[in-house]
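Only one structure is covered here, and it is reproduced in the block below.
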Amino acid sequence: MPIKGPLTGIRLIDLSQGTGGGPYSTQLLGDLGVEVIKVEPPQGEISRDMSAGDSGGTDFVSLNRNKKSVVIDLNTNSGRQALHDLVRLSDVVVDNFDKGILEDLEIDYEKIRQLNPKIISASIVGYGSSGPHANDAVYDHMAQAISGMASICGEIDGKPIVQPTLIAEHTAGGDLAYGIIAALYERERTGVGRRLEVNLIHSCMGVMLMPLQFSLMVGMDPPPQGTRDPGTPILGFYRCKDGKYLAVGPSWPRIARVLDMEWMIDDPQWDNTAARAFLKPLMCDLLEREGFQKADAEDWLEILRAEDIPSSWLNTLDEVVKDPQVIHNKAVISMHHTKYGDVQGINCPISLVGTTEGEHSPPPILGENTEDILRDILCYSDDKLAELRKT
């Protein structure tokens with residue numbers, strides 16, 4: 001049985017492609033019960049690794065569960081007509097196209113709201129749909145750079161570091177899902193849809209609230225801190241004797257006692273929070289050199305937890321899915337894929353106790369649901385289906 005959740009009954013047309021925020025947003029909504037119809041070109045959307053055949057590769061699998069794949073060539077009149085027919089019977093249209101493409105394909109908001117006044121048109125864009133850089137391409141690491149994130153993410157006095165995941169895109173995807181749900185709620189009162197968009201720069205700035213607020217109010221930027229938090233004393237990563245790292249949280253003065261460095265507690269250099277924050281790099285280096293590097297990470301972790309000091313192991317990706325808390329939280333799900341067999345994936349982070357039922361469906365084979373959608377939802381005849389197949 002397909003997923004049934006709080007958004008069951010909502011139909012969404014997913015025009016977004018790639019590995020960014022659009023597909024992530026629609027997957028989140030599919031996890032909550034939305035019927036997601038993924039419209040793809042005949043060659044498949046760009047994140048499908050066609051060397052893997054119609055199934056796509058790992059990137060596609062990671063972002064496209066609980067969706068139905070419909071192949072429609074939007075460059076043809078019959079293809080655009082099929083999309084328009086779907087719009088008439090749907091609630092939301094999502095895209096992540098470059099500026100001007102929606103208009104070229106005759107699926108911009110001004111067009112589709114004439115077909116369905118209740119439709120919600122939602123887009124993820126790069127810089128924004130207007131402004132001095134609206135026509136420029138932007139990629140995730142560029143959004144990290146423009147938002148200031150890259151300027152404080154790196155080694156002390158070293159090069160900036162790109163995040164190892166698409167943080168701007170996927171944050172924007174979460175923002176878009178949030179906006180869509182708000183628009184659906186508004187529509188319940190007004191009876192009409194709306195246009196909304198999220199841009200990568202603003203979403204990236206959204207997760208930079210604290211350092212940006214500090215800069216706005218204090219007039220200075222926090223420098224890169226390497227493996228340490230830029231503000232909170234103690235908090236950061238510490239290398240141990242075996243070369244492995246532990247994550248340690250705020251714990252003064254208990255951390256000094258546990259590390260057998262009690263002399264620091266009475267040292268006036270560290271006797272108040274402001275001083276410890278100002279001299280944090282010096283203090284953390286001292287704790288690492290004179291404390292953590294005298295024993296292995298596993299030994300320290302046992303001691304720290306016994307003393308109720310916030311601490312954790314730094315998991316590799318392979319270790320994450322085996323972590324007892326991750327297993328308990330059911331953060332990893334299993335699906336049966338037509339080609340790959342039983343595959344695992346990362347569950348929706350929103351836990352709705354007692355309101356969701358059914359099983360996650362695996363990412364679809366290219367065009368897997370084309371005839372079912374066009375025949376069952378649009379009531380297309382065999383002749384019309386044949387005409388579409390020719391294009």
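Chain lettering (A, B, ...) mirrors the order of the structure tokens, residue numbering begins at 1 for each chain separately, and ligand numbering begins at 1 in order of display.
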*Excluding Ile201 (chain A) and residues on its chain fewer than 6 positions from it, collect all residues at most 9 Å away from it, counting only C-alpha atoms, and give them as an NGL selection string.*
:A and (126-128 or 142-144 or 146-147 or 168 or 172)
Deliver the residues from the most recent selection as a file, using all heavy atoms, as a PDB file, in the first residue's frame.
```pdb
ATOM      1  N   GLY A 126      18.304  29.995  -8.568  1.00  0.00           N
ATOM      2  CA  GLY A 126      19.657  30.222  -8.070  1.00  0.00           C
ATOM      3  C   GLY A 126      19.772  31.489  -7.262  1.00  0.00           C
ATOM      4  O   GLY A 126      19.729  31.494  -6.028  1.00  0.00           O
ATOM      5  N   TYR A 127      19.923  32.620  -7.945  1.00  0.00           N
ATOM      6  CA  TYR A 127      20.055  33.907  -7.272  1.00  0.00           C
ATOM      7  C   TYR A 127      18.704  34.529  -6.931  1.00  0.00           C
ATOM      8  O   TYR A 127      18.587  35.323  -6.006  1.00  0.00           O
ATOM      9  CB  TYR A 127      20.805  34.894  -8.175  1.00  0.00           C
ATOM     10  CG  TYR A 127      22.282  34.609  -8.298  1.00  0.00           C
ATOM     11  CD1 TYR A 127      22.784  33.932  -9.412  1.00  0.00           C
ATOM     12  CD2 TYR A 127      23.175  35.040  -7.324  1.00  0.00           C
ATOM     13  CE1 TYR A 127      24.142  33.684  -9.541  1.00  0.00           C
ATOM     14  CE2 TYR A 127      24.533  34.793  -7.443  1.00  0.00           C
ATOM     15  CZ  TYR A 127      25.019  34.123  -8.557  1.00  0.00           C
ATOM     16  OH  TYR A 127      26.352  33.880  -8.674  1.00  0.00           O
ATOM     17  N   GLY A 128      17.679  34.201  -7.704  1.00  0.00           N
ATOM     18  CA  GLY A 128      16.377  34.825  -7.600  1.00  0.00           C
ATOM     19  C   GLY A 128      15.822  35.011  -8.999  1.00  0.00           C
ATOM     20  O   GLY A 128      16.564  34.965  -9.981  1.00  0.00           O
ATOM     21  N   MET A 142      28.813  27.849  -4.882  1.00  0.00           N
ATOM     22  CA  MET A 142      28.735  29.283  -5.086  1.00  0.00           C
ATOM     23  C   MET A 142      27.771  29.918  -4.088  1.00  0.00           C
ATOM     24  O   MET A 142      28.015  31.010  -3.572  1.00  0.00           O
ATOM     25  CB  MET A 142      28.327  29.587  -6.522  1.00  0.00           C
ATOM     26  CG  MET A 142      29.348  29.129  -7.549  1.00  0.00           C
ATOM     27  SD  MET A 142      28.705  29.114  -9.241  1.00  0.00           S
ATOM     28  CE  MET A 142      28.356  30.851  -9.472  1.00  0.00           C
ATOM     29  N   ALA A 143      26.665  29.235  -3.799  1.00  0.00           N
ATOM     30  CA  ALA A 143      25.731  29.730  -2.782  1.00  0.00           C
ATOM     31  C   ALA A 143      26.402  29.747  -1.412  1.00  0.00           C
ATOM     32  O   ALA A 143      26.201  30.673  -0.620  1.00  0.00           O
ATOM     33  CB  ALA A 143      24.476  28.858  -2.754  1.00  0.00           C
ATOM     34  N   GLN A 144      27.217  28.709  -1.130  1.00  0.00           N
ATOM     35  CA  GLN A 144      27.974  28.704   0.122  1.00  0.00           C
ATOM     36  C   GLN A 144      28.926  29.893   0.185  1.00  0.00           C
ATOM     37  O   GLN A 144      29.124  30.503   1.243  1.00  0.00           O
ATOM     38  CB  GLN A 144      28.762  27.406   0.251  1.00  0.00           C
ATOM     39  CG  GLN A 144      27.922  26.151   0.401  1.00  0.00           C
ATOM     40  CD  GLN A 144      28.768  24.896   0.396  1.00  0.00           C
ATOM     41  OE1 GLN A 144      29.868  24.877   0.947  1.00  0.00           O
ATOM     42  NE2 GLN A 144      28.268  23.835  -0.222  1.00  0.00           N
ATOM     43  N   ILE A 146      28.668  32.901  -1.593  1.00  0.00           N
ATOM     44  CA  ILE A 146      27.981  34.189  -1.570  1.00  0.00           C
ATOM     45  C   ILE A 146      27.321  34.439  -0.219  1.00  0.00           C
ATOM     46  O   ILE A 146      27.281  35.576   0.266  1.00  0.00           O
ATOM     47  CB  ILE A 146      26.937  34.247  -2.700  1.00  0.00           C
ATOM     48  CG1 ILE A 146      27.633  34.150  -4.063  1.00  0.00           C
ATOM     49  CG2 ILE A 146      26.115  35.531  -2.629  1.00  0.00           C
ATOM     50  CD1 ILE A 146      26.695  33.896  -5.201  1.00  0.00           C
ATOM     51  N   SER A 147      26.814  33.396   0.420  1.00  0.00           N
ATOM     52  CA  SER A 147      26.129  33.547   1.710  1.00  0.00           C
ATOM     53  C   SER A 147      27.091  33.794   2.864  1.00  0.00           C
ATOM     54  O   SER A 147      26.654  34.105   3.973  1.00  0.00           O
ATOM     55  CB  SER A 147      25.313  32.284   2.009  1.00  0.00           C
ATOM     56  OG  SER A 147      26.177  31.185   2.258  1.00  0.00           O
ATOM     57  N   ALA A 168      23.199  23.939   0.372  1.00  0.00           N
ATOM     58  CA  ALA A 168      22.344  25.033  -0.089  1.00  0.00           C
ATOM     59  C   ALA A 168      21.107  24.484  -0.797  1.00  0.00           C
ATOM     60  O   ALA A 168      19.977  24.903  -0.531  1.00  0.00           O
ATOM     61  CB  ALA A 168      23.124  25.961  -1.019  1.00  0.00           C
ATOM     62  N   ALA A 172      17.305  24.591   0.661  1.00  0.00           N
ATOM     63  CA  ALA A 172      16.281  25.236  -0.157  1.00  0.00           C
ATOM     64  C   ALA A 172      15.114  24.286  -0.409  1.00  0.00           C
ATOM     65  O   ALA A 172      13.949  24.711  -0.442  1.00  0.00           O
ATOM     66  CB  ALA A 172      16.879  25.702  -1.479  1.00  0.00           C
TER      67      ALA A 172
END
```
*asked:* as a ChimeraX atom specification, please: every residue in region 42-189 of chain A that DSSP puts in helix (DSSP H, G or I).
replied: /A:50-55,58-63,77-88,101-104,109-115,140-146,149-152,167-189
Got time to write the residues from that selection, C-alpha atoms, as a CSV table (one decimal), in the first residue's frame?
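part.csv, freshly written:
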```
chain,number,residue,atom,x,y,z
A,50,MET,CA,21.9,6.1,-18.0
A,51,SER,CA,24.9,3.7,-17.8
A,52,ALA,CA,22.7,2.1,-15.2
A,53,GLY,CA,19.8,1.8,-17.6
A,54,ASP,CA,16.3,3.1,-16.9
A,55,SER,CA,16.8,2.6,-13.2
A,58,THR,CA,22.7,6.1,-6.6
A,59,ASP,CA,22.0,9.8,-6.9
A,60,PHE,CA,18.6,9.2,-8.5
A,61,VAL,CA,17.7,6.5,-6.0
A,62,SER,CA,18.5,8.8,-3.1
A,63,LEU,CA,16.0,11.5,-4.1
A,77,ASN,CA,2.4,20.3,-28.8
A,78,SER,CA,0.9,17.0,-27.7
A,79,GLY,CA,3.3,16.8,-24.8
A,80,ARG,CA,2.5,20.2,-23.5
A,81,GLN,CA,-1.2,19.5,-23.9
A,82,ALA,CA,-0.8,16.4,-21.7
A,83,LEU,CA,1.0,18.4,-19.1
A,84,HIS,CA,-1.8,21.1,-19.2
A,85,ASP,CA,-4.4,18.3,-18.7
A,86,LEU,CA,-2.5,17.1,-15.7
A,87,VAL,CA,-2.3,20.7,-14.3
A,88,ARG,CA,-6.1,20.9,-14.4
A,101,ILE,CA,12.2,27.9,-19.6
A,102,LEU,CA,8.7,27.8,-18.0
A,103,GLU,CA,7.5,30.6,-20.4
A,104,ASP,CA,9.1,28.8,-23.4
A,109,TYR,CA,2.3,30.5,-13.5
A,110,GLU,CA,0.3,33.0,-15.6
A,111,LYS,CA,-0.4,30.3,-18.1
A,112,ILE,CA,-1.2,27.4,-15.7
A,113,ARG,CA,-3.4,29.4,-13.3
A,114,GLN,CA,-5.7,30.0,-16.3
A,115,LEU,CA,-6.1,26.2,-16.5
A,140,ASP,CA,25.8,24.9,-4.5
A,141,HIS,CA,29.4,25.8,-3.6
A,142,MET,CA,28.7,29.3,-5.1
A,143,ALA,CA,25.7,29.7,-2.8
A,144,GLN,CA,28.0,28.7,0.1
A,145,ALA,CA,30.5,31.3,-1.0
A,146,ILE,CA,28.0,34.2,-1.6
A,149,MET,CA,29.3,30.2,4.8
A,150,ALA,CA,32.6,29.3,3.0
A,151,SER,CA,34.3,32.3,4.7
A,152,ILE,CA,34.0,30.8,8.1
A,167,ILE,CA,23.7,22.0,1.8
A,168,ALA,CA,22.3,25.0,-0.1
A,169,GLU,CA,20.2,23.0,-2.5
A,170,HIS,CA,18.8,20.6,0.1
A,171,THR,CA,18.1,23.4,2.6
A,172,ALA,CA,16.3,25.2,-0.2
A,173,GLY,CA,14.3,22.0,-0.8
A,174,GLY,CA,13.2,21.9,2.8
A,175,ASP,CA,12.2,25.6,2.6
A,176,LEU,CA,10.3,24.9,-0.6
A,177,ALA,CA,8.3,22.1,1.0
A,178,TYR,CA,7.5,24.3,4.0
A,179,GLY,CA,6.3,27.0,1.6
A,180,ILE,CA,4.1,24.6,-0.4
A,181,ILE,CA,2.4,23.3,2.8
A,182,ALA,CA,1.8,27.0,3.8
A,183,ALA,CA,0.3,27.7,0.4
A,184,LEU,CA,-1.9,24.6,0.6
A,185,TYR,CA,-3.2,25.8,4.0
A,186,GLU,CA,-3.9,29.3,2.7
A,187,ARG,CA,-5.8,27.8,-0.3
A,188,GLU,CA,-8.1,26.1,2.1
A,189,ARG,CA,-9.3,29.6,3.2
```
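One distance worth recording is that between CA of Asn75 (chain A) and CA of Ile107 (chain A), which is 11.6 Å.
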_Here is a test: counting only C-alpha atoms, which residue of A:Glu371, A:Asp242, A:Asp157, A:Glu262 is nearest to Leu385 (chain A)?_
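Selected residue with least distance to Leu385 (chain A): A:Glu371.
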_Applying 12 Å and only C-alpha atoms, which residues near region 7-11 of chain A remain after dropping the ones on its own chain fewer than 2 positions away? List them as a ChimeraX atom specification._
/A:2-5,13-14,26,28-38,67-68,86-94,118-120,177,180-181,184-185,352,355-358,373,377
*Where in region 235-330 of chain A does DSSP assign strand (DSSP E), given as a ChimeraX atom specification?*
/A:236-239,245-248,311-313
*asked:* Show me, as a PyMOL selection string, the residues that have an atom within 12 Å of Glu40 (chain A) when counting only C-alpha atoms, minus same-chain residues fewer than 2 positions from it.
replied: chain A and resi 13-18+37-38+42-48+54+67-75+79+83+95+364-370
Would you mind exporting C-alpha atoms of the selected residues as a PDB file, in the first residue's frame?
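Heads up, here's the output in again24.pdb:
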```pdb
ATOM      1  CA  ILE A  13       3.568  17.469 -10.723  1.00  0.00           C
ATOM      2  CA  ASP A  14       7.330  17.294 -10.298  1.00  0.00           C
ATOM      3  CA  LEU A  15       9.184  18.907 -13.200  1.00  0.00           C
ATOM      4  CA  SER A  16      12.410  19.325 -11.222  1.00  0.00           C
ATOM      5  CA  GLN A  17      15.564  17.486 -12.216  1.00  0.00           C
ATOM      6  CA  GLY A  18      19.046  16.784 -10.934  1.00  0.00           C
ATOM      7  CA  ILE A  37       3.992  12.550 -10.582  1.00  0.00           C
ATOM      8  CA  LYS A  38       7.510  12.983 -11.916  1.00  0.00           C
ATOM      9  CA  PRO A  42      12.111  10.668 -23.188  1.00  0.00           C
ATOM     10  CA  GLN A  43      15.830  10.349 -22.374  1.00  0.00           C
ATOM     11  CA  GLY A  44      15.183  10.585 -18.629  1.00  0.00           C
ATOM     12  CA  GLU A  45      15.961  13.464 -16.286  1.00  0.00           C
ATOM     13  CA  ILE A  46      19.575  14.557 -15.842  1.00  0.00           C
ATOM     14  CA  SER A  47      20.253  12.776 -12.538  1.00  0.00           C
ATOM     15  CA  ARG A  48      19.572   9.360 -14.063  1.00  0.00           C
ATOM     16  CA  ASP A  54      16.325   3.088 -16.943  1.00  0.00           C
ATOM     17  CA  LYS A  67       7.167   9.064  -6.992  1.00  0.00           C
ATOM     18  CA  LYS A  68       5.623   7.958 -10.269  1.00  0.00           C
ATOM     19  CA  SER A  69       7.554   8.455 -13.515  1.00  0.00           C
ATOM     20  CA  VAL A  70       5.692   9.714 -16.580  1.00  0.00           C
ATOM     21  CA  VAL A  71       7.550  10.328 -19.838  1.00  0.00           C
ATOM     22  CA  ILE A  72       6.216  13.377 -21.702  1.00  0.00           C
ATOM     23  CA  ASP A  73       8.100  15.332 -24.340  1.00  0.00           C
ATOM     24  CA  LEU A  74       7.349  18.940 -23.442  1.00  0.00           C
ATOM     25  CA  ASN A  75       8.941  20.146 -26.667  1.00  0.00           C
ATOM     26  CA  GLY A  79       3.290  16.751 -24.771  1.00  0.00           C
ATOM     27  CA  LEU A  83       0.958  18.442 -19.071  1.00  0.00           C
ATOM     28  CA  ASP A  95      10.323  23.044 -11.004  1.00  0.00           C
ATOM     29  CA  PRO A 364      10.595   4.496 -10.412  1.00  0.00           C
ATOM     30  CA  ILE A 365      11.991   3.068 -13.617  1.00  0.00           C
ATOM     31  CA  LEU A 366      11.947   5.668 -16.389  1.00  0.00           C
ATOM     32  CA  GLY A 367       8.385   5.973 -17.686  1.00  0.00           C
ATOM     33  CA  GLU A 368       7.174   3.195 -15.393  1.00  0.00           C
ATOM     34  CA  ASN A 369       3.787   4.857 -14.753  1.00  0.00           C
ATOM     35  CA  THR A 370       3.216   6.710 -18.024  1.00  0.00           C
TER      36      THR A 370
END
```
*Suppose you want the space between CA of Asn66 (chain A) and CA of Leu12 (chain A); what is it in Å?*
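So the answer is 11.7 Å.
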